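Colleague: Sharing my_file_11.tsv (TSV, C-alpha atoms) below.
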chain	number	residue	atom	x	y	z
K	127	LEU	CA	89.36	129.90	76.00
K	128	ALA	CA	91.04	126.98	74.26
K	129	LEU	CA	89.68	123.54	73.48
K	130	THR	CA	91.94	120.54	73.17
K	131	THR	CA	90.80	117.13	71.97
K	132	LEU	CA	92.56	113.79	72.14
K	133	VAL	CA	91.59	110.75	70.15
K	134	THR	CA	92.44	107.52	71.97
K	135	ASP	CA	91.91	103.82	71.30
K	136	GLY	CA	88.63	102.62	72.80
K	137	SER	CA	88.67	99.14	71.28
K	138	GLN	CA	89.17	97.40	74.61
K	139	PRO	CA	89.00	98.23	78.30
K	140	ILE	CA	91.97	100.10	79.75
K	141	GLY	CA	93.65	98.19	82.55
K	142	ARG	CA	92.60	94.75	83.76
K	143	GLY	CA	89.83	95.51	86.23
K	144	ILE	CA	86.26	96.71	85.84
K	145	GLY	CA	84.77	97.50	89.24
K	146	PRO	CA	85.85	99.76	92.13
K	147	MET	CA	88.43	97.56	93.89
K	148	LEU	CA	89.80	96.12	90.65
K	149	GLU	CA	90.21	99.57	89.13
K	150	ALA	CA	91.83	100.89	92.33
K	151	ARG	CA	94.25	97.95	92.24
K	152	ASP	CA	95.22	98.83	88.65
K	153	VAL	CA	95.78	102.50	89.50
K	154	MET	CA	97.89	101.71	92.55
K	155	ARG	CA	99.94	99.22	90.51
K	156	VAL	CA	100.71	101.94	87.97
K	157	LEU	CA	101.55	104.51	90.65
K	158	SER	CA	103.87	102.10	92.49
K	159	ALA	CA	105.55	100.66	89.35
K	160	HIS	CA	104.29	97.19	90.29
K	161	PRO	CA	105.42	94.48	87.82
K	162	GLU	CA	101.78	93.66	87.03
K	163	ALA	CA	100.81	97.28	86.33
K	164	PRO	CA	98.72	97.46	83.16
K	165	ALA	CA	100.95	99.07	80.51
K	166	ASP	CA	97.96	100.45	78.61
K	167	LEU	CA	96.66	102.26	81.71
K	168	ARG	CA	100.11	103.68	82.38
K	169	GLU	CA	100.49	104.96	78.81
K	170	LYS	CA	97.02	106.48	78.60
K	171	SER	CA	97.49	108.12	82.00
K	172	LEU	CA	100.80	109.63	80.89
K	173	LEU	CA	99.21	110.91	77.69
K	174	LEU	CA	96.29	112.55	79.52
K	175	ALA	CA	98.41	113.91	82.37
K	176	GLY	CA	100.90	115.26	79.84
K	177	GLN	CA	98.16	117.16	78.05
K	178	ILE	CA	96.93	118.64	81.34
K	179	LEU	CA	100.46	119.64	82.37
K	180	GLU	CA	100.87	121.46	79.06
K	181	PHE	CA	98.05	123.81	80.08
K	182	ASP	CA	100.82	125.50	82.09
K	183	SER	CA	102.40	127.99	79.70
K	184	ALA	CA	105.73	127.61	81.53
K	185	LEU	CA	106.04	124.05	80.21
K	186	PRO	CA	107.32	123.90	76.63
K	187	PRO	CA	104.77	122.42	74.19
K	188	GLY	CA	105.26	118.71	73.53
K	189	THR	CA	107.05	118.04	76.84
K	190	GLY	CA	104.03	117.29	79.04
K	191	LYS	CA	104.16	113.52	78.67
K	192	ASP	CA	107.86	113.44	79.56
K	193	ARG	CA	107.17	115.61	82.61
K	194	ALA	CA	104.28	113.31	83.64
K	195	ARG	CA	106.57	110.28	83.25
K	196	ALA	CA	109.23	111.92	85.43
K	197	ILE	CA	106.63	112.65	88.13
K	198	LEU	CA	105.32	109.08	88.01
K	199	ASP	CA	108.76	107.45	87.90
K	200	SER	CA	110.10	109.58	90.78
K	201	GLY	CA	107.38	108.33	93.14
K	202	ALA	CA	105.90	111.83	93.53
K	203	ALA	CA	102.56	110.76	92.04
K	204	LEU	CA	102.32	107.82	94.47
K	205	ALA	CA	103.24	110.09	97.38
K	206	LYS	CA	100.49	112.54	96.38
K	207	MET	CA	97.96	109.69	96.08
K	208	GLU	CA	98.97	108.41	99.52
K	209	ALA	CA	98.48	111.94	100.93
K	210	ILE	CA	95.02	112.15	99.35
K	211	ILE	CA	94.09	108.74	100.76
K	212	ALA	CA	95.29	109.75	104.21
K	213	ALA	CA	93.36	113.04	104.06
K	214	GLN	CA	90.15	111.25	103.06
K	215	GLY	CA	90.51	108.58	105.74
K	216	ARG	CA	92.54	105.51	104.96
K	217	HIS	CA	90.56	102.29	104.75
K	218	ASP	CA	91.98	99.18	106.34
K	219	PHE	CA	92.89	97.11	103.29
K	220	ASP	CA	95.95	96.41	101.21
K	221	TRP	CA	95.54	97.38	97.54
K	222	ARG	CA	97.95	94.58	96.57
K	223	ALA	CA	95.24	92.13	97.66
K	224	PRO	CA	91.99	94.14	97.47
K	225	PRO	CA	88.90	92.66	99.12
K	226	LEU	CA	87.09	91.19	96.14
K	227	GLY	CA	83.71	89.51	96.13
K	228	ALA	CA	84.08	86.03	97.61
K	229	LEU	CA	82.07	84.49	94.79
K	230	ALA	CA	83.81	84.11	91.44
K	231	HIS	CA	83.25	82.54	88.05
K	232	GLU	CA	85.77	82.23	85.21
K	233	VAL	CA	84.65	82.62	81.61
K	234	LEU	CA	86.69	80.32	79.38
K	235	ALA	CA	87.75	80.51	75.75
K	236	GLY	CA	85.58	78.31	73.57
K	237	THR	CA	88.25	77.88	70.92
K	238	ASP	CA	91.95	78.34	70.19
K	239	GLY	CA	93.10	81.54	68.52
K	240	ALA	CA	93.94	85.17	69.02
K	241	VAL	CA	91.65	87.61	70.82
K	242	GLY	CA	90.53	89.93	68.04
K	243	ALA	CA	88.12	92.16	69.93
K	244	ILE	CA	86.50	92.67	73.31
K	245	ASP	CA	82.93	93.96	73.53
K	246	ILE	CA	83.37	96.71	76.10
K	247	GLU	CA	79.64	97.25	76.55
K	248	ARG	CA	79.03	93.58	77.34
K	249	ILE	CA	81.94	93.49	79.82
K	250	ALA	CA	80.51	96.60	81.53
K	251	ARG	CA	77.06	94.98	81.64
K	252	ILE	CA	78.54	91.82	83.20
K	253	ALA	CA	80.35	93.91	85.82
K	254	ARG	CA	77.14	95.79	86.66
K	255	ARG	CA	75.15	92.54	86.93
K	256	ALA	CA	77.85	91.25	89.30
K	257	GLY	CA	77.09	94.25	91.54
K	258	ALA	CA	79.65	96.87	90.50
K	259	PRO	CA	79.94	99.69	91.34
K	260	LYS	CA	77.67	99.46	94.40
K	261	ALA	CA	79.39	96.32	95.69
K	262	LYS	CA	82.99	97.56	95.87
K	263	GLY	CA	84.51	94.08	95.47
K	264	ALA	CA	82.36	93.14	92.48
K	265	GLY	CA	83.41	93.35	88.85
K	266	VAL	CA	85.37	91.72	86.07
K	267	ASP	CA	89.09	90.93	86.13
K	268	LEU	CA	90.40	90.62	82.57
K	269	LEU	CA	92.85	87.75	82.12
K	270	ALA	CA	93.31	88.15	78.35
K	271	ARG	CA	93.63	91.19	76.08
K	272	CYS	CA	93.28	91.93	72.38
K	273	GLY	CA	96.10	90.24	70.49
K	274	ASP	CA	96.68	87.55	73.11
K	275	ARG	CA	96.78	83.94	71.91
K	276	VAL	CA	94.45	81.71	73.89
K	277	VAL	CA	93.62	78.02	73.91
K	278	ARG	CA	90.24	76.40	74.39
K	279	GLY	CA	89.41	76.27	78.09
K	280	GLN	CA	91.79	79.10	79.07
K	281	PRO	CA	90.20	81.73	81.36
K	282	LEU	CA	89.43	84.99	79.54
K	283	TYR	CA	88.12	86.83	82.59
K	284	ARG	CA	86.95	86.28	86.14
K	285	ILE	CA	83.66	87.65	87.45
K	286	HIS	CA	83.63	88.65	91.15
K	287	ALA	CA	80.40	89.12	93.12
K	288	THR	CA	79.32	89.39	96.73
K	289	SER	CA	75.99	87.61	96.35
K	290	SER	CA	75.05	84.41	94.56
K	291	ALA	CA	72.11	86.16	92.86
K	292	GLU	CA	74.35	88.85	91.38
K	293	LEU	CA	76.92	86.28	90.30
K	294	GLY	CA	74.12	84.30	88.65
K	295	PHE	CA	72.91	87.38	86.76
K	296	ALA	CA	76.42	88.15	85.55
K	297	VAL	CA	77.05	84.55	84.48
K	298	GLN	CA	73.78	84.58	82.51
K	299	VAL	CA	74.89	87.66	80.57
K	300	ALA	CA	78.30	86.08	79.91
K	301	ALA	CA	76.64	82.84	78.77
K	302	ARG	CA	74.79	84.77	76.04
K	303	GLY	CA	78.17	85.88	74.69
K	304	SER	CA	81.58	85.96	76.35
K	305	ALA	CA	82.36	89.46	74.97
K	306	PHE	CA	85.57	88.10	73.39
K	307	SER	CA	85.97	87.51	69.65
K	308	ILE	CA	88.57	84.83	69.05
K	309	GLY	CA	89.79	84.02	65.57
Show how you would write the structure in this file as structure tokens.
Modeller:
Amino acid sequence: LALTTLVTDGSQPIGRGIGPMLEARDVMRVLSAHPEAPADLREKSLLLAGQILEFDSALPPGTGKDRARAILDSGAALAKMEAIIAAQGRHDFDWRAPPLGALAHEVLAGTDGAVGAIDIERIARIARRAGAPKAKGAGVDLLARCGDRVVRGQPLYRIHATSSAELGFAVQVAARGSAFSIG
């Protein structure tokens, strides 16, 4: 029995979406090489998949990530995901425009500067207050990332909800602190 550990960067959310439909959109963008695919999600996925592939003793050590990249870039990973979706019963929606909660609120930067940090716990709390994961179209869509330069009034993220009460709860949490440190 062997144990392998990986230390990864947890200083900000991976991908742009927090909530079922938003996360599914990010995954499908990575699998289909969409121009708006989150690069951080792609890289972390390749790292993790590479480590799993290296469990196979037939694969030379240190080549798992390259093998994972080849599988992703060839379209084989997307084809397998499509087969899984078909086997589980395809839902009638297009991942390129997932059905998000009809109610939305943008949280804006209060000052000019660079995003220094994102409070992951607060973002998760906002997404839960908006109704995620129970409401599939609820959550938080990140519009800025650590290191991005923002100007006062620029949207940092958009909260999606399916009910006005849940949107109100999420906006209240965001009003107590946007979850973004800008300096």
Colleague: Could you pull out every residue with an atom within 6 Å of (84.7, 83.5, 84.5), file coordinates, counting only C-alpha atoms, and send them as a CSV table (one decimal) with C-alpha atoms, in the coordinates of the input?
Modeller:
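Done, and the output landed in out-v8.csv:
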chain,number,residue,atom,x,y,z
K,231,HIS,CA,83.2,82.5,88.0
K,232,GLU,CA,85.8,82.2,85.2
K,233,VAL,CA,84.6,82.6,81.6
K,283,TYR,CA,88.1,86.8,82.6
K,284,ARG,CA,87.0,86.3,86.1
K,285,ILE,CA,83.7,87.6,87.4
Colleague: To one decimal in Å, tell me the separation between atom CA of K:Leu129 and atom CA of K:Ala175.
Modeller: 15.7 Å
Colleague: Return as AutoDock Vina command-line options the centre and edge lengths, in Å with one decimal, of the box along x, y and z that encloses every atom of stretch 165-182 of chain K in the file, padded by 5 Å per side.
Modeller:
--center_x 98.6 --center_y 112.3 --center_z 80.0 --size_x 14.7 --size_y 36.4 --size_z 14.7
Colleague: Between atom CA of K:Cys272 and atom CA of K:Gly141, what distance in Å does the model show, to one decimal?
Modeller: 11.9 Å
Colleague: Please compute the atom CA of K:Gly242-atom CA of K:Leu229 distance, one decimal, in Å.
Modeller: 28.6 Å
Colleague: May I ask which of the residues K:Glu292, K:Asp166, K:Asp192, K:Asp135 is the closest one to K:Gly265, counting only C-alpha atoms?
Modeller: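 Checking each candidate against K:Gly265, we get K:Glu292 as the closest.
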Colleague: Tell me which residues come within 8 Å of (83.4, 94.0, 71.7), as a PyMOL selection string, counting all atoms listed in the file in the file's coordinates.
Modeller: chain K and resi 137-138+243-248+305-307
Colleague: Which residue out of K:Ile178, K:Ala230, K:Ala270, K:Arg195 has the minimum interatomic distance to K:Pro164 when all atoms listed in the file are used?
Modeller: K:Ala270
Colleague: With a distance cut-off of 10 Å and only C-alpha atoms, select the neighbouring residues of K:Ser289, excluding the residue or stretch itself and same-chain residues fewer than 2 positions from it, and output the selection as JSON, numbers by chain.
Modeller: {"K": [227, 228, 229, 230, 256, 257, 261, 264, 286, 287, 291, 292, 293, 294]}
Colleague: Which residue out of K:Ala300, K:Leu268, K:Ala253, K:Leu157 has the minimum interatomic distance to K:Ile140 when all atoms listed in the file are used?
Modeller: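 Ranked by minimum distance to K:Ile140, first place goes to K:Leu268.
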Colleague: Quick one: of K:Thr288, K:Val277, K:Arg255, K:Arg193, who's nearest to K:Glu180, counting all atoms listed in the file?
Modeller: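 Using all atoms listed in the file, K:Glu180 sits closest to K:Arg193.
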Colleague: From the options K:Arg271, K:Lys260, K:Arg142, K:Arg151, which residue's atoms come nearest to K:Ala223, counting all atoms listed in the file?
Modeller: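 Ranked by minimum distance to K:Ala223, first place goes to K:Arg151.
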Colleague: Would you mind writing stretch 222-233 of chain K with all heavy atoms, as a short mmCIF file (atom, residue, chain, number, x, y, z; two decimals), in the frame of the given file?
Modeller:
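Heads up, here's the output in result.cif:
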data_model
loop_
_atom_site.label_atom_id
_atom_site.label_comp_id
_atom_site.auth_asym_id
_atom_site.auth_seq_id
_atom_site.Cartn_x
_atom_site.Cartn_y
_atom_site.Cartn_z
N ARG K 222 97.29 95.68 97.28
CA ARG K 222 97.95 94.58 96.57
C ARG K 222 97.09 93.32 96.60
O ARG K 222 97.26 92.43 95.77
CB ARG K 222 99.33 94.34 97.17
CG ARG K 222 100.33 95.44 96.80
CD ARG K 222 101.62 95.31 97.59
NE ARG K 222 101.48 95.74 98.96
CZ ARG K 222 101.64 96.99 99.38
NH1 ARG K 222 101.96 97.92 98.54
NH2 ARG K 222 101.50 97.31 100.65
N ALA K 223 96.19 93.25 97.56
CA ALA K 223 95.24 92.13 97.66
C ALA K 223 93.88 92.73 98.06
O ALA K 223 93.44 92.58 99.18
CB ALA K 223 95.71 91.11 98.67
N PRO K 224 93.24 93.46 97.11
CA PRO K 224 91.99 94.14 97.47
C PRO K 224 90.90 93.15 97.83
O PRO K 224 90.88 92.02 97.33
CB PRO K 224 91.64 94.91 96.19
CG PRO K 224 92.32 94.18 95.09
CD PRO K 224 93.57 93.61 95.70
N PRO K 225 89.99 93.56 98.73
CA PRO K 225 88.90 92.66 99.12
C PRO K 225 87.88 92.53 97.99
O PRO K 225 87.06 93.41 97.78
CB PRO K 225 88.30 93.37 100.34
CG PRO K 225 88.65 94.80 100.16
CD PRO K 225 89.95 94.84 99.43
N LEU K 226 87.99 91.44 97.26
CA LEU K 226 87.09 91.19 96.14
C LEU K 226 85.93 90.33 96.60
O LEU K 226 86.01 89.65 97.62
CB LEU K 226 87.84 90.49 95.01
CG LEU K 226 89.01 91.27 94.43
CD1 LEU K 226 89.73 90.45 93.37
CD2 LEU K 226 88.57 92.61 93.87
N GLY K 227 84.85 90.36 95.83
CA GLY K 227 83.71 89.51 96.13
C GLY K 227 84.16 88.07 96.28
O GLY K 227 84.95 87.56 95.47
N ALA K 228 83.65 87.40 97.31
CA ALA K 228 84.08 86.03 97.61
C ALA K 228 83.62 85.03 96.56
O ALA K 228 84.18 83.95 96.45
CB ALA K 228 83.57 85.62 98.98
N LEU K 229 82.60 85.38 95.82
CA LEU K 229 82.07 84.49 94.79
C LEU K 229 82.69 84.84 93.45
O LEU K 229 82.78 86.02 93.09
CB LEU K 229 80.55 84.61 94.72
CG LEU K 229 79.83 84.34 96.04
CD1 LEU K 229 78.35 84.65 95.91
CD2 LEU K 229 80.05 82.91 96.49
N ALA K 230 83.14 83.85 92.72
CA ALA K 230 83.81 84.11 91.44
C ALA K 230 83.43 83.05 90.43
O ALA K 230 83.09 81.91 90.78
CB ALA K 230 85.32 84.16 91.64
N HIS K 231 83.51 83.45 89.17
CA HIS K 231 83.25 82.54 88.05
C HIS K 231 84.19 82.93 86.91
O HIS K 231 84.28 84.10 86.56
CB HIS K 231 81.80 82.65 87.58
CG HIS K 231 81.50 81.86 86.35
ND1 HIS K 231 81.26 80.51 86.39
CD2 HIS K 231 81.44 82.23 85.05
CE1 HIS K 231 81.04 80.08 85.15
NE2 HIS K 231 81.14 81.10 84.33
N GLU K 232 84.90 81.96 86.35
CA GLU K 232 85.77 82.23 85.21
C GLU K 232 85.06 81.91 83.92
O GLU K 232 84.40 80.87 83.79
CB GLU K 232 87.06 81.43 85.32
CG GLU K 232 87.97 81.93 86.42
CD GLU K 232 89.33 81.25 86.46
OE1 GLU K 232 89.48 80.15 85.87
OE2 GLU K 232 90.23 81.83 87.07
N VAL K 233 85.19 82.82 82.95
CA VAL K 233 84.65 82.62 81.61
C VAL K 233 85.81 82.15 80.75
O VAL K 233 86.87 82.79 80.70
CB VAL K 233 84.02 83.91 81.06
CG1 VAL K 233 83.58 83.72 79.62
CG2 VAL K 233 82.83 84.32 81.94
#
